[in-house]
Amino acid sequence: MLSGCPPTNVIPPTAAFSFAQTNDTAPFSVQFTDESSPGSAPISLWAWNFGDGESSSARNPVHVYTEAGTFSVTLTVTTSVDSDTTLQDITVVVGGGEGEGEGDGEGEGEGEGEGEGEGEGEGEGEGEGEGITTEVK
């Protein structure tokens, strides 16, 4: 190889990442994972922009969004050879997972009359009167 000539097998990096929202209530935590290919030199710098004015230089950061929405996230990776940037629009959502709900669910039934009863109430509950007829002899 001649001195001063660049090597012919120089491969630039390729930026790539994945993400996963780790909770479904505000504030929203999102785990970002670097999936970049370094090319022919190791990656020496990660520059994240999370689309909400915040940034990080960690390789696999966790970022907290204060509200749901769609954010344009960029990752720039740098090696001694070159740098590369990728952009993904990510959507942070409320809910979507399992949860618990509250509501009124105690119903009581009252019935009047001979052999019939009618129940009233909302939700799940116990009550007499699903058209029950008592036979009188």
# chains A, B, ... in the order shown; residues from 1 in each chain; ligands from 1
$ residues_around --residues "Ser80 of chain A" --least-positions-apart "2" --cutoff "7 Å" --atoms "only C-alpha atoms" --output "ChimeraX atom specification"
/A:41,78,82
$ write_last_selection --atoms "C-alpha atoms" --output "short mmCIF file (atom, residue, chain, number, x, y, z; two decimals), in the first residue's frame"
data_model
loop_
_atom_site.label_atom_id
_atom_site.label_comp_id
_atom_site.auth_asym_id
_atom_site.auth_seq_id
_atom_site.Cartn_x
_atom_site.Cartn_y
_atom_site.Cartn_z
CA ALA A 41 -14.44 1.69 12.02
CA THR A 78 -20.04 8.98 13.88
CA ASP A 82 -17.76 9.21 8.33
#
$ residues_around --residues "Asn23 of chain A" --least-positions-apart "3" --cutoff "12 Å" --atoms "only C-alpha atoms" --output "MDAnalysis selection string"
chainID A and resid 20 26:31 62:65 68 92:99
$ select_by_dssp --residues "segment 14-97 of chain A" --states "strand (DSSP E)" --output "ChimeraX atom specification"
/A:17-21,28-34,45-49,55-56,62-65,69-78,83-92
$ residues_around --residues "Trp48 of chain A" --least-positions-apart "4" --cutoff "9 Å" --atoms "only C-alpha atoms" --output "list in words"
Glu54, Ser55, Ser56, Ser57, Ala58, Arg59, Pro61, Val73, Thr74, Leu75, Thr76 and Val77 of chain A
$ closest_residue --among "A:Asn49, A:Thr33, A:Gln88, A:Thr22" --to "Thr70 of chain A" --atoms "only C-alpha atoms"
A:Gln88
$ closest_residue --among "A:Phe50, A:Phe17, A:Glu67, A:Pro42" --to "Ser83 of chain A" --atoms "only C-alpha atoms"
A:Pro42
